[in-house]
Amino acid sequence: MELVFVRHGQPERVVRHDGRPADPPLSEIGRQQAGAVAEWLAEMGIDALYSSPMRRALETAEAIGAATGLTSAVRDGLSEFDRDSPAYVPMEVMKETDRAQWNELVSGSFGDAERSALFVATVNGAVDEIVADHRSQRVAVACHGGVVNAYLARCLGLPTETFLRFDVDYTSVTRVFASSRGHRSVLSVNERTHLRGRPDLAIGL
């Protein structure tokens, strides 16, 4: 079967001072990005749709569902590693405002090897369930940059402590062929065909 991972659109910057998870919604540009990738996926044709439970992924999946007529199935294991963080700062903003944290993330790690290994295992467990349920189908998964990297790390045999190896832009598509027997083949990483000719939507790319 073919897995079509879709990173969410650009979210708003959210910083909470009461300790609650930031869980930002899409920005206006993010909603337009989601609409663009949704139209492209509708033309491509997909058989099923899954989503992380986080708002930015859910809203991206909602756009895909509206274009394809599919209802997204939410999987908790597709959540991003910052799920409980009280702050969300987009990477393109972090690069300018918190260079130390940005440098840590682009080095491939978020500083905790045990937590990284658990995150990668959780993501892969959730994706394995999707693969098992959709033989010979094409399935879209609205999720996060960390989730995409976690699955690619397993496909390519990369160490879990530095699994954040690939730039995955807003609403970019990453494709993997996968079988229930464990065979995996990476077809593409970071496709952005739907944003061609749309420099107004190429924010943070």
# chains A, B, ... in the order shown; residues from 1 in each chain; ligands from 1
$ residues_around --residues "Arg184 (chain A)" --least-positions-apart "3" --cutoff "6 Å" --atoms "only C-alpha atoms" --output "list in words"
Cys155, Phe177 and Ala178 of chain A
$ write_last_selection --atoms "N, CA and C atoms" --output "short mmCIF file (atom, residue, chain, number, x, y, z; two decimals), in the first residue's frame"
data_model
loop_
_atom_site.label_atom_id
_atom_site.label_comp_id
_atom_site.auth_asym_id
_atom_site.auth_seq_id
_atom_site.Cartn_x
_atom_site.Cartn_y
_atom_site.Cartn_z
N CYS A 155 12.31 3.52 8.16
CA CYS A 155 12.46 3.03 6.79
C CYS A 155 13.92 2.98 6.36
N PHE A 177 5.95 3.30 0.11
CA PHE A 177 5.28 2.03 -0.10
C PHE A 177 5.57 1.16 1.12
N ALA A 178 4.55 0.52 1.67
CA ALA A 178 4.73 -0.30 2.85
C ALA A 178 3.87 -1.56 2.75
#
$ closest_atom_pairs --of "region 126-203 of chain A" --to "region 47-59 of chain A" --cutoff "6 Å" --atoms "only C-alpha atoms" --output "tab-separated table"
residue	atom	partner	partner_atom	distance
A:Arg138	CA	A:Asp47	CA	5.5
A:Val139	CA	A:Ala48	CA	4.9
A:Ala140	CA	A:Leu49	CA	4.9
A:Val141	CA	A:Tyr50	CA	4.7
A:Ala142	CA	A:Ser51	CA	4.7
A:Cys143	CA	A:Ala57	CA	5.3
$ select_by_dssp --residues "chain A" --states "strand (DSSP E)" --output "VMD selection string"
chain A and resid 2 to 7 14 to 15 48 to 51 73 to 74 87 to 88 138 to 143 173 to 178 184 to 191
$ closest_residue --among "A:Leu195, A:Val4, A:Ala150, A:Val173" --to "Thr122 (chain A)" --atoms "only C-alpha atoms"
A:Ala150
$ atom_distance --atom1 "CA of Glu43 (chain A)" --atom2 "CA of Asp169 (chain A)"
20.8 Å
$ closest_residue --among "A:Ile46, A:Val89, A:Ala61, A:Val74" --to "Ala22 (chain A)" --atoms "only C-alpha atoms"
A:Val89
$ decode --residues "region 135-174 of chain A" --atoms "N, CA and C atoms" --output "CSV table (one decimal), in the first residue's frame"
chain,number,residue,atom,x,y,z
A,135,ARG,N,-4.5,-2.8,2.9
A,135,ARG,CA,-3.8,-3.5,1.8
A,135,ARG,C,-4.2,-3.0,0.5
A,136,SER,N,-3.1,-2.7,-0.4
A,136,SER,CA,-3.3,-2.3,-1.8
A,136,SER,C,-4.1,-1.0,-1.9
A,137,GLN,N,-4.1,-0.1,-0.9
A,137,GLN,CA,-4.7,1.2,-1.0
A,137,GLN,C,-3.7,2.3,-0.9
A,138,ARG,N,-4.2,3.5,-1.2
A,138,ARG,CA,-3.4,4.7,-1.0
A,138,ARG,C,-4.1,5.5,0.1
A,139,VAL,N,-3.3,5.8,1.2
A,139,VAL,CA,-3.8,6.4,2.4
A,139,VAL,C,-3.1,7.7,2.7
A,140,ALA,N,-3.8,8.7,2.9
A,140,ALA,CA,-3.3,10.0,3.3
A,140,ALA,C,-3.2,10.1,4.9
A,141,VAL,N,-2.1,10.6,5.4
A,141,VAL,CA,-2.0,10.8,6.8
A,141,VAL,C,-1.6,12.2,7.1
A,142,ALA,N,-2.5,13.0,7.7
A,142,ALA,CA,-2.2,14.4,8.0
A,142,ALA,C,-1.6,14.4,9.4
A,143,CYS,N,-0.3,14.9,9.4
A,143,CYS,CA,0.4,14.8,10.7
A,143,CYS,C,1.4,15.9,10.8
A,144,HIS,N,2.7,15.6,11.2
A,144,HIS,CA,3.6,16.6,11.6
A,144,HIS,C,5.0,16.3,11.1
A,145,GLY,N,5.9,17.3,11.1
A,145,GLY,CA,7.3,17.0,10.6
A,145,GLY,C,8.0,16.0,11.4
A,146,GLY,N,7.8,16.0,12.7
A,146,GLY,CA,8.5,14.9,13.6
A,146,GLY,C,7.9,13.6,13.3
A,147,VAL,N,6.6,13.4,13.0
A,147,VAL,CA,6.0,12.1,12.7
A,147,VAL,C,6.6,11.6,11.4
A,148,VAL,N,6.7,12.4,10.4
A,148,VAL,CA,7.2,12.0,9.1
A,148,VAL,C,8.7,11.6,9.3
A,149,ASN,N,9.4,12.3,10.0
A,149,ASN,CA,10.8,12.0,10.2
A,149,ASN,C,11.0,10.7,11.0
A,150,ALA,N,10.1,10.5,12.0
A,150,ALA,CA,10.1,9.2,12.8
A,150,ALA,C,9.9,8.0,11.9
A,151,TYR,N,9.0,8.1,11.0
A,151,TYR,CA,8.7,6.9,10.1
A,151,TYR,C,9.9,6.8,9.1
A,152,LEU,N,10.4,7.9,8.6
A,152,LEU,CA,11.5,7.8,7.6
A,152,LEU,C,12.7,7.2,8.3
A,153,ALA,N,12.9,7.5,9.6
A,153,ALA,CA,14.1,7.0,10.3
A,153,ALA,C,14.0,5.4,10.4
A,154,ARG,N,12.8,4.9,10.6
A,154,ARG,CA,12.7,3.5,10.6
A,154,ARG,C,12.9,2.9,9.2
A,155,CYS,N,12.3,3.5,8.2
A,155,CYS,CA,12.5,3.0,6.8
A,155,CYS,C,13.9,3.0,6.4
A,156,LEU,N,14.7,4.0,6.8
A,156,LEU,CA,16.1,4.1,6.3
A,156,LEU,C,17.1,3.6,7.3
A,157,GLY,N,16.7,3.1,8.5
A,157,GLY,CA,17.6,2.6,9.5
A,157,GLY,C,18.4,3.7,10.2
A,158,LEU,N,17.8,4.9,10.4
A,158,LEU,CA,18.5,6.0,11.0
A,158,LEU,C,18.4,5.9,12.6
A,159,PRO,N,19.4,6.3,13.3
A,159,PRO,CA,19.3,6.2,14.8
A,159,PRO,C,18.2,7.1,15.3
A,160,THR,N,17.5,6.6,16.3
A,160,THR,CA,16.4,7.3,16.9
A,160,THR,C,16.8,8.6,17.6
A,161,GLU,N,18.0,8.6,18.2
A,161,GLU,CA,18.4,9.8,19.0
A,161,GLU,C,18.6,11.0,18.1
A,162,THR,N,18.8,10.8,16.8
A,162,THR,CA,19.0,12.0,15.9
A,162,THR,C,18.1,11.7,14.7
A,163,PHE,N,16.8,11.5,14.9
A,163,PHE,CA,15.9,11.1,13.8
A,163,PHE,C,15.4,12.2,13.0
A,164,LEU,N,15.6,13.5,13.4
A,164,LEU,CA,15.0,14.6,12.7
A,164,LEU,C,16.0,15.1,11.6
A,165,ARG,N,16.0,14.3,10.5
A,165,ARG,CA,17.0,14.5,9.4
A,165,ARG,C,16.5,15.2,8.2
A,166,PHE,N,15.2,15.3,8.0
A,166,PHE,CA,14.6,15.8,6.8
A,166,PHE,C,13.8,17.1,7.0
A,167,ASP,N,14.1,18.1,6.1
A,167,ASP,CA,13.2,19.2,6.1
A,167,ASP,C,11.9,18.8,5.5
A,168,VAL,N,10.8,19.0,6.2
A,168,VAL,CA,9.5,18.7,5.8
A,168,VAL,C,8.6,19.9,5.8
A,169,ASP,N,8.4,20.6,4.7
A,169,ASP,CA,7.7,21.9,4.7
A,169,ASP,C,6.2,21.8,4.9
A,170,TYR,N,5.6,22.9,5.2
A,170,TYR,CA,4.1,22.9,5.4
A,170,TYR,C,3.4,22.4,4.2
A,171,THR,N,2.5,21.4,4.5
A,171,THR,CA,1.7,20.7,3.5
A,171,THR,C,2.5,19.9,2.5
A,172,SER,N,3.8,19.7,2.7
A,172,SER,CA,4.5,18.9,1.8
A,172,SER,C,4.1,17.4,1.9
A,173,VAL,N,4.3,16.7,0.9
A,173,VAL,CA,3.9,15.3,0.8
A,173,VAL,C,5.1,14.4,0.8
A,174,THR,N,5.1,13.3,1.6
A,174,THR,CA,6.1,12.3,1.6
A,174,THR,C,5.5,11.0,1.4
